[in-house]
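Q: Sharing work-v1.txt below, compact mmCIF, C-alpha atoms and all ligand atoms:
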# COMPACT_ATOMS: atom_id res chain seq x y z
CA MET G 1 -38.72 -37.99 53.56
CA LYS G 2 -40.68 -38.50 56.75
CA ILE G 3 -40.41 -37.03 60.26
CA VAL G 4 -41.22 -39.53 63.00
CA THR G 5 -42.40 -37.86 66.22
CA LYS G 6 -43.86 -40.79 68.14
CA TYR G 7 -40.72 -41.18 70.25
CA VAL G 8 -41.18 -37.72 71.75
CA ASP G 9 -43.71 -37.39 74.57
CA ILE G 10 -45.63 -34.41 73.25
CA ASP G 11 -48.03 -32.03 74.93
CA SER G 12 -49.84 -31.00 71.77
CA GLY G 13 -50.91 -27.55 73.05
CA ARG G 14 -47.33 -26.62 73.91
CA LEU G 15 -45.97 -27.96 70.62
CA GLU G 16 -48.57 -25.97 68.68
CA ARG G 17 -47.42 -22.81 70.42
CA GLU G 18 -43.80 -23.60 69.50
CA ILE G 19 -44.86 -24.26 65.89
CA ALA G 20 -46.69 -20.91 65.76
CA LYS G 21 -43.62 -19.16 67.19
CA VAL G 22 -41.33 -20.64 64.51
CA ALA G 23 -43.87 -20.03 61.70
CA ASP G 24 -44.08 -16.38 62.80
CA CYS G 25 -40.36 -15.99 61.96
CA TYR G 26 -40.80 -17.13 58.40
CA GLU G 27 -41.20 -13.66 56.89
CA LYS G 28 -38.07 -12.51 58.71
CA LEU G 29 -36.16 -15.31 56.99
CA GLU G 30 -37.48 -14.37 53.55
CA SER G 31 -36.53 -10.75 54.06
CA SER G 32 -33.01 -11.45 55.35
CA ASP G 33 -30.21 -10.13 53.13
CA MET G 34 -28.38 -13.47 53.57
CA ALA G 35 -31.22 -15.70 52.38
CA GLY G 36 -30.02 -16.00 48.76
CA TRP G 37 -29.79 -19.79 49.17
CA LEU G 38 -33.57 -20.11 49.65
CA GLY G 39 -34.29 -19.90 45.94
CA TYR G 40 -30.83 -20.43 44.49
CA ALA G 41 -31.28 -23.96 43.12
CA SER G 42 -34.34 -22.92 41.11
CA SER G 43 -32.76 -19.70 39.82
CA GLY G 44 -31.25 -18.82 36.43
CA ALA G 45 -27.80 -18.43 38.03
CA ALA G 46 -27.99 -22.03 39.14
CA LYS G 47 -28.81 -23.22 35.61
CA PHE G 48 -25.73 -21.40 34.36
CA ASP G 49 -23.64 -22.94 37.16
CA LEU G 50 -24.84 -26.44 36.29
CA SER G 51 -23.64 -26.36 32.72
CA PHE G 52 -20.40 -24.47 33.40
CA ILE G 53 -19.60 -26.78 36.31
CA SER G 54 -20.44 -29.96 34.41
CA ARG G 55 -18.12 -28.92 31.56
CA THR G 56 -15.34 -27.94 33.98
CA ALA G 57 -15.72 -31.18 35.95
CA GLU G 58 -15.36 -33.15 32.73
CA ILE G 59 -12.06 -31.38 31.94
CA ILE G 60 -10.77 -31.99 35.48
CA ARG G 61 -11.71 -35.67 35.34
CA HIS G 62 -9.76 -36.09 32.13
CA THR G 63 -6.65 -34.25 33.30
CA SER G 64 -6.27 -35.43 36.90
CA GLU G 65 -6.07 -38.41 39.14
CA VAL G 66 -6.63 -36.33 42.26
CA PHE G 67 -8.77 -33.26 42.80
CA ILE G 68 -7.72 -31.34 45.90
CA VAL G 69 -10.41 -29.17 47.47
CA VAL G 70 -9.01 -26.51 49.78
CA GLY G 71 -11.48 -25.05 52.28
CA ILE G 72 -12.72 -25.09 55.86
CA GLY G 73 -16.10 -24.96 57.62
CA GLY G 74 -18.90 -24.24 55.20
CA SER G 75 -16.39 -24.12 52.36
CA TYR G 76 -15.71 -27.86 52.54
CA LEU G 77 -18.19 -29.72 54.75
CA GLY G 78 -21.14 -29.45 52.37
CA SER G 79 -19.39 -30.91 49.36
CA LYS G 80 -17.59 -33.55 51.44
CA ALA G 81 -20.89 -34.56 53.05
CA VAL G 82 -22.44 -35.17 49.63
CA VAL G 83 -19.40 -36.89 48.13
CA ASP G 84 -19.04 -39.21 51.12
CA ALA G 85 -22.78 -39.93 51.29
CA LEU G 86 -23.04 -40.92 47.66
CA LEU G 87 -19.85 -42.76 46.89
CA SER G 88 -18.92 -46.18 48.12
CA SER G 89 -17.83 -46.17 51.77
CA VAL G 90 -14.90 -48.46 51.12
CA PHE G 91 -13.61 -47.26 47.74
CA LYS G 92 -14.27 -43.57 47.20
CA HIS G 93 -15.46 -44.07 43.67
CA ASN G 94 -18.71 -43.88 41.85
CA LYS G 95 -18.51 -46.65 39.32
CA ASP G 96 -21.19 -45.18 37.07
CA ALA G 97 -20.29 -41.55 36.83
CA GLY G 98 -17.02 -40.65 38.51
CA CYS G 99 -14.71 -42.59 36.27
CA VAL G 100 -13.61 -41.88 32.75
CA LYS G 101 -11.71 -43.88 30.16
CA ASN G 102 -8.25 -42.56 29.36
CA THR G 103 -6.69 -42.53 25.91
CA GLU G 104 -5.72 -46.21 26.23
CA ASN G 105 -9.38 -46.93 27.04
CA VAL G 106 -8.48 -47.81 30.62
CA GLU G 107 -10.96 -46.65 33.23
CA LYS G 108 -9.60 -44.21 35.77
CA CYS G 109 -11.35 -42.59 38.71
CA VAL G 110 -10.68 -39.19 40.18
CA GLU G 111 -10.09 -39.09 43.90
CA VAL G 112 -11.50 -36.00 45.62
CA ILE G 113 -9.47 -35.12 48.71
CA TYR G 114 -9.59 -32.18 51.10
CA ALA G 115 -6.97 -29.80 52.51
CA GLY G 116 -6.98 -26.49 54.36
CA GLN G 117 -9.30 -27.71 57.10
CA ASN G 118 -6.55 -28.09 59.73
CA LEU G 119 -3.05 -26.85 60.61
CA SER G 120 -1.34 -30.23 60.65
CA ALA G 121 2.10 -30.25 58.99
CA GLU G 122 1.92 -34.02 58.73
CA TYR G 123 -1.42 -33.83 56.90
CA LEU G 124 -0.24 -31.10 54.52
CA GLU G 125 3.04 -32.85 53.79
CA GLN G 126 1.07 -35.87 52.60
CA ILE G 127 -1.06 -33.65 50.38
CA LEU G 128 2.10 -32.10 48.89
CA GLU G 129 3.48 -35.56 48.22
CA ILE G 130 0.31 -36.34 46.30
CA VAL G 131 0.82 -33.16 44.24
CA ARG G 132 4.39 -34.30 43.46
CA THR G 133 3.43 -37.81 42.40
CA LYS G 134 -0.07 -37.66 40.87
CA GLU G 135 -1.78 -35.59 38.21
CA CYS G 136 -3.68 -32.95 40.20
CA CYS G 137 -6.04 -30.04 39.97
CA VAL G 138 -6.89 -27.85 42.93
CA ASN G 139 -10.07 -25.97 43.87
CA ILE G 140 -9.61 -23.22 46.44
CA VAL G 141 -12.94 -22.48 48.09
CA SER G 142 -13.16 -19.50 50.41
CA LYS G 143 -15.84 -16.83 50.50
CA THR G 144 -13.66 -14.26 52.26
CA GLY G 145 -10.46 -15.50 50.65
CA SER G 146 -8.58 -14.72 53.83
CA THR G 147 -9.12 -17.73 56.11
CA VAL G 148 -5.75 -18.75 57.53
CA GLU G 149 -6.03 -22.53 57.24
CA SER G 150 -7.12 -22.53 53.61
CA SER G 151 -4.75 -19.69 52.63
CA ILE G 152 -1.78 -21.69 53.94
CA ALA G 153 -2.80 -24.88 52.15
CA ALA G 154 -3.47 -22.97 48.92
CA ARG G 155 -0.10 -21.22 49.07
CA LEU G 156 1.81 -24.47 49.59
CA ILE G 157 -0.13 -26.47 47.00
CA ILE G 158 0.12 -23.77 44.33
CA ASP G 159 3.89 -23.41 44.92
CA GLU G 160 4.28 -27.16 44.51
CA MET G 161 2.19 -27.11 41.34
CA MET G 162 4.32 -24.28 39.89
CA TRP G 163 7.42 -26.42 40.35
CA LYS G 164 5.77 -29.39 38.80
CA TYR G 165 3.79 -27.94 35.91
CA GLY G 166 5.56 -24.66 35.09
CA ASP G 167 3.21 -22.14 33.47
CA GLU G 168 0.61 -24.83 32.82
CA TYR G 169 -0.15 -24.86 36.57
CA LYS G 170 -2.62 -21.98 36.08
CA THR G 171 -4.94 -24.20 34.07
CA ARG G 172 -5.09 -26.56 37.03
CA VAL G 173 -6.16 -24.02 39.64
CA TYR G 174 -9.90 -23.37 40.14
CA VAL G 175 -11.07 -20.67 42.51
CA THR G 176 -14.48 -20.39 44.15
CA THR G 177 -14.93 -17.14 46.06
CA ASP G 178 -16.88 -13.91 46.41
CA LYS G 179 -17.89 -12.25 43.16
CA ALA G 180 -16.00 -9.01 43.73
CA GLU G 181 -14.12 -8.90 47.01
CA GLY G 182 -11.22 -10.49 48.86
CA PRO G 183 -7.63 -11.58 48.16
CA LEU G 184 -8.70 -14.77 46.42
CA ARG G 185 -10.89 -12.88 43.93
CA ARG G 186 -7.96 -10.54 43.24
CA ALA G 187 -5.59 -13.50 42.76
CA ALA G 188 -8.04 -15.17 40.36
CA ASP G 189 -8.33 -11.97 38.31
CA ILE G 190 -4.58 -11.36 38.17
CA GLU G 191 -3.56 -14.96 37.47
CA TRP G 192 -6.51 -15.74 35.16
CA TYR G 193 -7.53 -18.78 37.15
CA THR G 194 -10.87 -20.28 36.16
CA SER G 195 -13.18 -18.93 38.83
CA PHE G 196 -16.67 -19.42 40.21
CA GLU G 197 -18.79 -17.11 42.32
CA ILE G 198 -20.31 -17.58 45.75
CA PRO G 199 -23.16 -15.06 45.72
CA GLN G 200 -22.80 -12.29 48.28
CA ASN G 201 -26.12 -13.13 49.90
CA ILE G 202 -25.13 -16.75 50.67
CA GLY G 203 -22.91 -17.63 53.63
CA GLY G 204 -20.49 -20.57 53.90
CA ARG G 205 -22.64 -23.16 55.66
CA PHE G 206 -25.57 -22.37 53.34
CA SER G 207 -23.47 -22.63 50.17
CA VAL G 208 -23.63 -26.30 49.21
CA PHE G 209 -25.94 -25.58 46.24
CA THR G 210 -23.59 -22.88 44.89
CA PRO G 211 -20.34 -23.63 43.01
CA ALA G 212 -18.66 -23.96 46.45
CA GLY G 213 -20.36 -27.32 46.81
CA LEU G 214 -21.17 -28.18 43.24
CA LEU G 215 -17.74 -28.34 41.59
CA PRO G 216 -16.22 -30.95 43.96
CA ILE G 217 -19.49 -32.88 43.93
CA ALA G 218 -19.54 -32.93 40.12
CA VAL G 219 -15.87 -33.94 39.85
CA ALA G 220 -16.53 -36.84 42.21
CA GLY G 221 -19.11 -38.08 39.74
CA VAL G 222 -22.33 -37.27 41.58
CA ASP G 223 -25.28 -36.26 39.40
CA ILE G 224 -25.51 -32.54 40.27
CA ARG G 225 -28.74 -32.12 38.32
CA ALA G 226 -30.43 -34.74 40.51
CA PHE G 227 -28.93 -33.06 43.58
CA TYR G 228 -30.55 -29.80 42.44
CA GLU G 229 -33.86 -31.53 41.75
CA GLY G 230 -33.91 -32.50 45.42
CA ALA G 231 -33.29 -28.91 46.48
CA VAL G 232 -35.99 -27.61 44.15
CA GLU G 233 -38.49 -30.15 45.49
CA ALA G 234 -37.52 -29.20 49.05
CA GLU G 235 -38.01 -25.54 48.18
CA ARG G 236 -41.56 -26.36 47.10
CA LEU G 237 -42.24 -28.29 50.31
CA TYR G 238 -40.42 -26.29 52.98
CA ARG G 239 -40.12 -22.72 51.71
CA ASN G 240 -43.27 -21.45 53.38
CA GLY G 241 -44.58 -20.34 56.75
CA ASP G 242 -47.34 -23.01 57.02
CA SER G 243 -47.75 -24.75 60.34
CA ALA G 244 -47.87 -28.09 58.44
CA ASN G 245 -44.32 -27.53 57.12
CA ASP G 246 -42.01 -30.32 58.44
CA ALA G 247 -39.01 -27.98 58.65
CA ILE G 248 -41.04 -25.75 60.96
CA LEU G 249 -42.11 -28.83 62.93
CA TYR G 250 -38.48 -29.91 63.37
CA ALA G 251 -37.38 -26.42 64.51
CA ALA G 252 -40.36 -26.30 66.89
CA LEU G 253 -39.51 -29.74 68.35
CA ARG G 254 -35.96 -28.57 69.03
CA ASN G 255 -37.28 -25.52 70.90
CA TYR G 256 -39.84 -27.69 72.73
CA LEU G 257 -37.14 -30.08 73.97
CA ASP G 258 -34.80 -27.20 74.81
CA VAL G 259 -37.45 -25.84 77.20
CA GLU G 260 -37.61 -29.30 78.84
CA GLY G 261 -33.92 -29.01 79.75
CA LYS G 262 -32.59 -31.11 76.87
CA ASP G 263 -29.63 -28.99 75.92
CA ILE G 264 -27.70 -31.50 73.78
CA GLU G 265 -28.99 -32.70 70.44
CA LEU G 266 -27.27 -35.86 69.27
CA PHE G 267 -27.56 -36.41 65.54
CA ALA G 268 -27.22 -40.14 64.98
CA VAL G 269 -26.81 -41.74 61.57
CA TYR G 270 -26.87 -45.43 60.70
CA GLU G 271 -24.83 -45.36 57.48
CA PRO G 272 -21.06 -44.86 57.94
CA ARG G 273 -21.10 -42.81 54.73
CA HIS G 274 -23.46 -40.32 56.41
CA SER G 275 -20.84 -39.41 59.03
CA THR G 276 -19.65 -36.31 57.14
CA LEU G 277 -23.27 -35.30 56.63
CA ALA G 278 -23.51 -35.40 60.42
CA SER G 279 -20.41 -33.15 60.68
CA TRP G 280 -22.02 -30.73 58.22
CA TRP G 281 -25.22 -30.80 60.32
CA VAL G 282 -23.16 -30.07 63.48
CA GLN G 283 -21.60 -27.01 61.84
CA LEU G 284 -24.91 -25.81 60.38
CA PHE G 285 -26.74 -25.89 63.70
CA GLY G 286 -23.72 -25.02 65.86
CA GLU G 287 -22.77 -21.86 63.99
CA SER G 288 -26.32 -20.78 63.18
CA CYS G 289 -27.98 -21.36 66.55
CA GLY G 290 -25.21 -21.15 69.17
CA LYS G 291 -24.75 -17.51 70.16
CA ASP G 292 -25.79 -14.87 72.69
CA GLY G 293 -25.69 -17.44 75.50
CA VAL G 294 -28.27 -19.78 73.94
CA GLY G 295 -28.27 -22.82 71.66
CA LEU G 296 -28.44 -26.57 71.89
CA PHE G 297 -25.06 -28.31 71.74
CA PRO G 298 -25.03 -30.29 68.45
CA ALA G 299 -23.24 -33.63 68.74
CA GLN G 300 -22.95 -36.50 66.29
CA ALA G 301 -22.77 -40.28 66.39
CA CYS G 302 -22.69 -43.16 63.93
CA TYR G 303 -24.80 -46.12 65.04
CA THR G 304 -24.52 -48.94 65.68
CA THR G 305 -20.73 -48.32 65.98
CA ASP G 306 -21.16 -45.65 68.65
CA LEU G 307 -23.79 -47.59 70.59
CA HIS G 308 -20.71 -49.47 71.77
CA SER G 309 -18.96 -46.27 72.86
CA ILE G 310 -21.49 -43.67 74.00
CA GLY G 311 -24.56 -45.97 74.03
CA GLN G 312 -24.21 -46.49 77.78
CA LEU G 313 -24.17 -42.75 78.47
CA VAL G 314 -27.09 -42.11 76.14
CA GLN G 315 -29.16 -44.80 77.83
CA GLU G 316 -28.33 -44.02 81.46
CA GLY G 317 -26.16 -40.91 81.81
CA ARG G 318 -27.20 -37.34 82.54
CA ARG G 319 -30.73 -36.79 81.16
CA ASN G 320 -29.99 -33.59 79.26
CA LEU G 321 -30.06 -34.87 75.69
CA PHE G 322 -32.36 -35.84 72.88
CA GLU G 323 -31.61 -37.51 69.58
CA THR G 324 -32.36 -36.76 65.96
CA VAL G 325 -31.90 -40.03 64.15
CA LEU G 326 -31.36 -40.29 60.41
CA TRP G 327 -32.60 -43.53 58.92
CA CYS G 328 -32.17 -44.35 55.27
CA GLU G 329 -33.35 -47.46 53.43
CA GLN G 330 -30.28 -49.39 52.31
CA ASP G 331 -29.62 -49.72 48.59
CA ALA G 332 -27.63 -52.94 48.98
CA ASP G 333 -28.67 -55.95 51.01
CA ILE G 334 -27.11 -59.18 52.23
CA GLU G 335 -28.80 -62.31 53.52
CA ILE G 336 -27.26 -63.86 56.65
CA PRO G 337 -26.36 -67.54 56.09
CA TRP G 338 -27.90 -70.15 58.42
CA LEU G 339 -25.71 -71.81 61.01
CA SER G 340 -25.51 -75.61 61.01
CA GLY G 341 -23.50 -78.43 62.54
CA TRP G 342 -20.87 -77.42 65.12
CA LYS G 343 -21.41 -73.71 64.38
CA LEU G 344 -25.05 -74.01 65.42
CA ARG G 345 -24.08 -76.09 68.50
CA ALA G 346 -21.48 -73.41 69.42
CA HIS G 347 -24.40 -70.93 69.56
CA GLY G 348 -26.42 -73.20 71.88
CA GLY G 349 -28.56 -74.46 68.98
CA GLU G 350 -30.14 -71.04 68.49
CA ASP G 351 -29.84 -69.00 65.27
CA PHE G 352 -32.06 -65.92 65.38
CA LEU G 353 -30.09 -64.21 62.59
CA GLY G 354 -30.00 -66.96 59.92
CA GLY G 355 -32.03 -66.23 56.78
CA LYS G 356 -32.62 -62.60 57.73
CA LYS G 357 -31.61 -59.65 55.59
CA LEU G 358 -29.06 -57.16 56.93
CA SER G 359 -31.56 -54.37 56.18
CA GLU G 360 -34.12 -56.04 58.47
CA ILE G 361 -31.56 -56.37 61.27
CA ALA G 362 -30.44 -52.75 60.86
CA ARG G 363 -34.06 -51.54 60.94
CA ALA G 364 -34.62 -53.53 64.14
CA ALA G 365 -31.57 -51.75 65.60
CA TYR G 366 -32.98 -48.35 64.55
CA ILE G 367 -36.46 -48.93 66.03
CA GLY G 368 -35.22 -50.93 69.04
CA THR G 369 -32.69 -48.24 69.94
CA MET G 370 -35.25 -45.43 69.69
CA GLU G 371 -37.63 -47.41 71.94
CA ALA G 372 -34.89 -48.11 74.48
CA HIS G 373 -33.60 -44.53 74.49
CA THR G 374 -37.10 -43.06 74.83
CA GLU G 375 -37.75 -45.36 77.79
CA GLY G 376 -34.44 -44.22 79.25
CA GLY G 377 -35.55 -40.57 79.09
CA VAL G 378 -33.98 -39.60 75.77
CA PRO G 379 -36.65 -38.40 73.30
CA CYS G 380 -35.93 -39.30 69.67
CA ILE G 381 -36.95 -37.52 66.48
CA GLY G 382 -36.67 -39.84 63.48
CA ILE G 383 -35.93 -38.56 59.99
CA GLU G 384 -36.49 -41.22 57.37
CA LEU G 385 -35.13 -41.07 53.84
CA GLU G 386 -36.46 -43.44 51.16
CA LYS G 387 -33.21 -43.68 49.26
CA ASN G 388 -29.60 -42.59 49.56
CA ASP G 389 -29.34 -40.80 46.23
CA ALA G 390 -28.38 -37.34 45.01
CA LYS G 391 -31.98 -36.13 44.90
CA ASN G 392 -32.83 -37.19 48.46
CA ILE G 393 -29.56 -35.88 49.88
CA GLY G 394 -30.23 -32.50 48.20
CA LYS G 395 -33.73 -32.45 49.66
CA LEU G 396 -32.50 -33.37 53.14
CA MET G 397 -29.79 -30.67 53.13
CA TYR G 398 -32.24 -27.96 52.09
CA PHE G 399 -34.63 -29.17 54.81
CA PHE G 400 -31.91 -28.85 57.47
CA MET G 401 -30.78 -25.44 56.19
CA ILE G 402 -34.25 -23.96 56.44
CA ALA G 403 -34.87 -25.62 59.82
CA ALA G 404 -31.56 -24.27 61.20
CA ALA G 405 -32.29 -20.73 60.00
CA LEU G 406 -35.80 -20.81 61.48
CA SER G 407 -34.53 -22.35 64.74
CA ALA G 408 -32.10 -19.46 65.17
CA LEU G 409 -34.65 -16.77 64.23
CA SER G 410 -37.20 -18.21 66.64
CA GLN G 411 -34.62 -17.83 69.43
CA GLY G 412 -34.08 -14.19 68.47
CA LEU G 413 -30.70 -14.94 66.84
CA ASN G 414 -29.13 -14.03 63.52
CA PRO G 415 -28.58 -17.44 61.82
CA PHE G 416 -26.10 -16.07 59.31
CA ASP G 417 -23.26 -14.63 61.34
CA GLN G 418 -20.54 -16.31 63.44
CA PRO G 419 -18.98 -13.59 65.60
CA GLY G 420 -17.58 -16.19 68.01
CA VAL G 421 -15.47 -17.78 65.27
CA GLU G 422 -13.78 -14.44 64.63
CA ALA G 423 -12.57 -14.37 68.25
CA TYR G 424 -10.12 -17.27 67.81
CA LYS G 425 -8.88 -15.84 64.51
CA LYS G 426 -8.13 -12.50 66.20
CA GLY G 427 -6.31 -14.26 69.05
CA MET G 428 -4.18 -16.20 66.60
CA ARG G 429 -3.33 -13.14 64.50
CA LYS G 430 -2.34 -11.16 67.58
CA LEU G 431 0.14 -13.86 68.56
CA LEU G 432 1.54 -14.09 65.05
CA SER G 433 1.98 -10.44 64.15
O1 LIG O 501 -20.35 -21.04 57.58
C1 LIG O 501 -19.48 -20.20 57.52
O2 LIG O 501 -19.69 -19.05 57.07
C2 LIG O 501 -18.08 -20.51 57.97
O3 LIG O 501 -18.00 -21.79 58.48
C3 LIG O 501 -17.10 -20.37 56.81
O4 LIG O 501 -17.50 -21.21 55.77
C4 LIG O 501 -15.67 -20.72 57.24
O5 LIG O 501 -15.29 -19.94 58.32
C5 LIG O 501 -14.72 -20.53 56.07
O6 LIG O 501 -14.76 -19.21 55.60
P1 LIG O 501 -14.26 -18.84 54.16
O7 LIG O 501 -15.13 -19.51 53.17
O8 LIG O 501 -14.38 -17.35 54.09
O9 LIG O 501 -12.84 -19.29 54.05
As a first step, turn the structure in this file into structure tokens.
Ligand code: PA5
A:
Amino acid sequence: MKIVTKYVDIDSGRLEREIAKVADCYEKLESSDMAGWLGYASSGAAKFDLSFISRTAEIIRHTSEVFIVVGIGGSYLGSKAVVDALLSSVFKHNKDAGCVKNTENVEKCVEVIYAGQNLSAEYLEQILEIVRTKECCVNIVSKTGSTVESSIAARLIIDEMMWKYGDEYKTRVYVTTDKAEGPLRRAADIEWYTSFEIPQNIGGRFSVFTPAGLLPIAVAGVDIRAFYEGAVEAERLYRNGDSANDAILYAALRNYLDVEGKDIELFAVYEPRHSTLASWWVQLFGESCGKDGVGLFPAQACYTTDLHSIGQLVQEGRRNLFETVLWCEQDADIEIPWLSGWKLRAHGGEDFLGGKKLSEIARAAYIGTMEAHTEGGVPCIGIELEKNDAKNIGKLMYFFMIAAALSALSQGLNPFDQPGVEAYKKGMRKLLS
């Protein structure tokens, strides 16, 4: 993984001061009582999770066609980001690992779908129809166990499963919640659902390496051991207060650009299957760094698709944004056929695409766009990933988590709370009670 800074016009003295300011917060991060995620992937608890989760995922894959994950915010975006990033963008399957042979030796793949992240009756009705017509298991993920959206979805889905499966339904419900507290923990204990723990010192948006993220990721067929390897490698690289640490550099660059009046950070990805990763990034930085009247607005885009929607604004609109651009080497490639005959004549005899690889054209779009945007007054930070695999995605997510926490701390904020989110919940409860 490489950070590209040449598209930001840097005053090195000022950047060094920002780096020192972020590095100074490092000890505060280590001593926070919500920093359990920092060393989780390399801990003994994680090793236990890996084997328990792998065995459970195997059972789920053999007994279901659809695995419904109920959760919102940090309780669904992390796992969905990984599942979407690593499975095919067109068919949500992983040919190598996500599919199993059934008793007739026919290959079947488990579809991982999400519920509880909205209040749409139309959406939920479709989920319930899936429960009625397909073999399902459900995983309810909620740290507090009391979030309205996920509680509603869980209630409806479990009722439907009781009708369909009778007493057997209990073997199809998996709960991931706090170790000791909350209504979901109590329900799991009373009903004997198989349950997993989200450690008390790990909050929702930092929980992708805990069972909250791991179970759906494993059921989808992603190699969770490789995912962990990435996190462990990232821990070695980024869990320190050195000024040469790239996570500190990224947090410092964000602060540097903030001071220059760039108050929107647009996270642009080039792979459609990284779009959920971008949504996860938005939540991570939005909830961790946006409070007490400060914080960059985190926005997301998928290029080149969105160059044809917001590209104009980025190039020439209000100059209050910068971009963080995720580039990943493609694992598939296609060569563009040459034009000839009337097709060539229709293009005025010119064929600048023929014989080129799609990867080469996409890379030209990535570099060309950063050059154009920088010239237009939009600084760009590039983040380059060698390969779109479980290990690199794990490493990238850990990198962003540590950068987000340090960004918030360096602005004098608590990265781990979200008091503003509570405000809407209170408003809704008041109206309903
Ligand atoms: O990052 C967070 O802590 C939040 O986004 C939560 O994950 C989200 O509000 C859902 O909460 P819970 O897991 O308690 O249902």
Q: Of the residues G:Leu431, G:Val269, G:Val141, G:Ala423, which is the one nearest to Glu329 (chain G), using only C-alpha atoms?
A: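 For Glu329 (chain G), the nearest of the candidates is G:Val269.
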Q: Quick one: axis-aligned box around all listed atoms of ligand LIG 501 (chain O), 3 Å on every side, centre and edge lengths in Å to one decimal, written as JSON.
A:
{"center_x": -16.6, "center_y": -19.6, "center_z": 55.8, "size_x": 13.5, "size_y": 10.4, "size_z": 11.3}
Q: Enumerate, in order of chain and increasing residue number, the residues of chain G with an atom no farther than 9 Å from ligand LIG 501 (chain O), each with its shortest atom pair and distance in Å to one decimal, counting only C-alpha atoms and all ligand atoms, as a Markdown table.
A:
| residue | atom | partner | partner_atom | distance |
| --- | --- | --- | --- | --- |
| G:Gly71 | CA | O:LIG501 | O9 | 6.2 |
| G:Ile72 | CA | O:LIG501 | C5 | 5.0 |
| G:Gly73 | CA | O:LIG501 | O3 | 3.8 |
| G:Gly74 | CA | O:LIG501 | O4 | 3.4 |
| G:Ser75 | CA | O:LIG501 | O4 | 4.6 |
| G:Tyr76 | CA | O:LIG501 | O4 | 7.6 |
| G:Leu77 | CA | O:LIG501 | O4 | 8.6 |
| G:Val141 | CA | O:LIG501 | O7 | 6.3 |
| G:Ser142 | CA | O:LIG501 | O7 | 3.4 |
| G:Lys143 | CA | O:LIG501 | O7 | 3.8 |
| G:Thr144 | CA | O:LIG501 | O8 | 3.7 |
| G:Gly145 | CA | O:LIG501 | O8 | 5.5 |
| G:Ser146 | CA | O:LIG501 | O9 | 6.3 |
| G:Thr147 | CA | O:LIG501 | O9 | 4.5 |
| G:Val148 | CA | O:LIG501 | O9 | 7.9 |
| G:Glu149 | CA | O:LIG501 | O9 | 8.2 |
| G:Ser150 | CA | O:LIG501 | O9 | 6.6 |
| G:Ser151 | CA | O:LIG501 | O9 | 8.2 |
| G:Thr177 | CA | O:LIG501 | O7 | 7.5 |
| G:Asp178 | CA | O:LIG501 | O8 | 8.8 |
| G:Ile202 | CA | O:LIG501 | O2 | 8.7 |
| G:Gly203 | CA | O:LIG501 | O2 | 4.9 |
| G:Gly204 | CA | O:LIG501 | O4 | 3.6 |
| G:Arg205 | CA | O:LIG501 | O1 | 3.7 |
| G:Phe206 | CA | O:LIG501 | O1 | 6.9 |
| G:Ser207 | CA | O:LIG501 | O1 | 8.2 |
| G:Ala212 | CA | O:LIG501 | O7 | 8.8 |
| G:Gln283 | CA | O:LIG501 | O3 | 7.2 |
| G:Leu284 | CA | O:LIG501 | O1 | 7.2 |
| G:Glu287 | CA | O:LIG501 | O1 | 6.9 |
| G:Ser288 | CA | O:LIG501 | O1 | 8.2 |
| G:Phe416 | CA | O:LIG501 | O2 | 7.4 |
| G:Asp417 | CA | O:LIG501 | O2 | 7.1 |
| G:Gln418 | CA | O:LIG501 | O2 | 7.0 |
| G:Val421 | CA | O:LIG501 | O5 | 7.3 |
| G:Glu422 | CA | O:LIG501 | O5 | 8.5 |
Q: Would you list the contacts of Ser120 (chain G) as a VMD selection string, taking every protein, DNA or RNA residue within 12 Å and counting all atoms listed in the file, but skipping same-chain residues closer than 4 positions in sequence?
A: chain G and resid 115 to 116 124 to 127 149 to 150 152 to 153
Q: Just want the 7 Å neighbourhood of Ile264 (chain G), counted on all atoms listed in the file, with same-chain residues fewer than 5 positions away dropped. Output as a list in words.
A: Leu296, Phe297, Pro298, Asn320, Leu321 and Phe322 of chain G
Q: Skipping near chain neighbours, those fewer than 3 positions away, what residues fall within 12 Å of Leu237 (chain G) using only C-alpha atoms, listed as a PyMOL selection string?
A: chain G and resi 1+38+230-234+240-248+395-396+398-399+402
Q: Please report the interatomic distance between CA of Val314 (chain G) and CA of Arg254 (chain G) in Å with one decimal.
A: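 Rounded to one decimal, the two atoms are 17.7 Å apart.
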Q: Considering all atoms listed in the file, return as a ChimeraX atom specification whatever protein or nucleic-acid residues lie within 7 Å of region 6-19 of chain G, sequence-local ones (same chain, fewer than 6 positions apart) excluded.
A: /G:243,248-249,252,255-256,370,374,379-381
Q: What does the structure give for the distance between CA of Ala332 (chain G) and CA of Asn392 (chain G), in Å to one decimal?
A: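 So the two atoms, CA of Ala332 (chain G) and CA of Asn392 (chain G), lie 16.6 Å apart.
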Q: Do you know which residues are at most 7 Å from Val208 (chain G) counting only C-alpha atoms, after dropping those on the same chain fewer than 3 positions away, and could you put them as a list in words?
A: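 Listed by chain and then number, they are Gly78, Ser79, Ala212, Gly213 and Leu214 of chain G.
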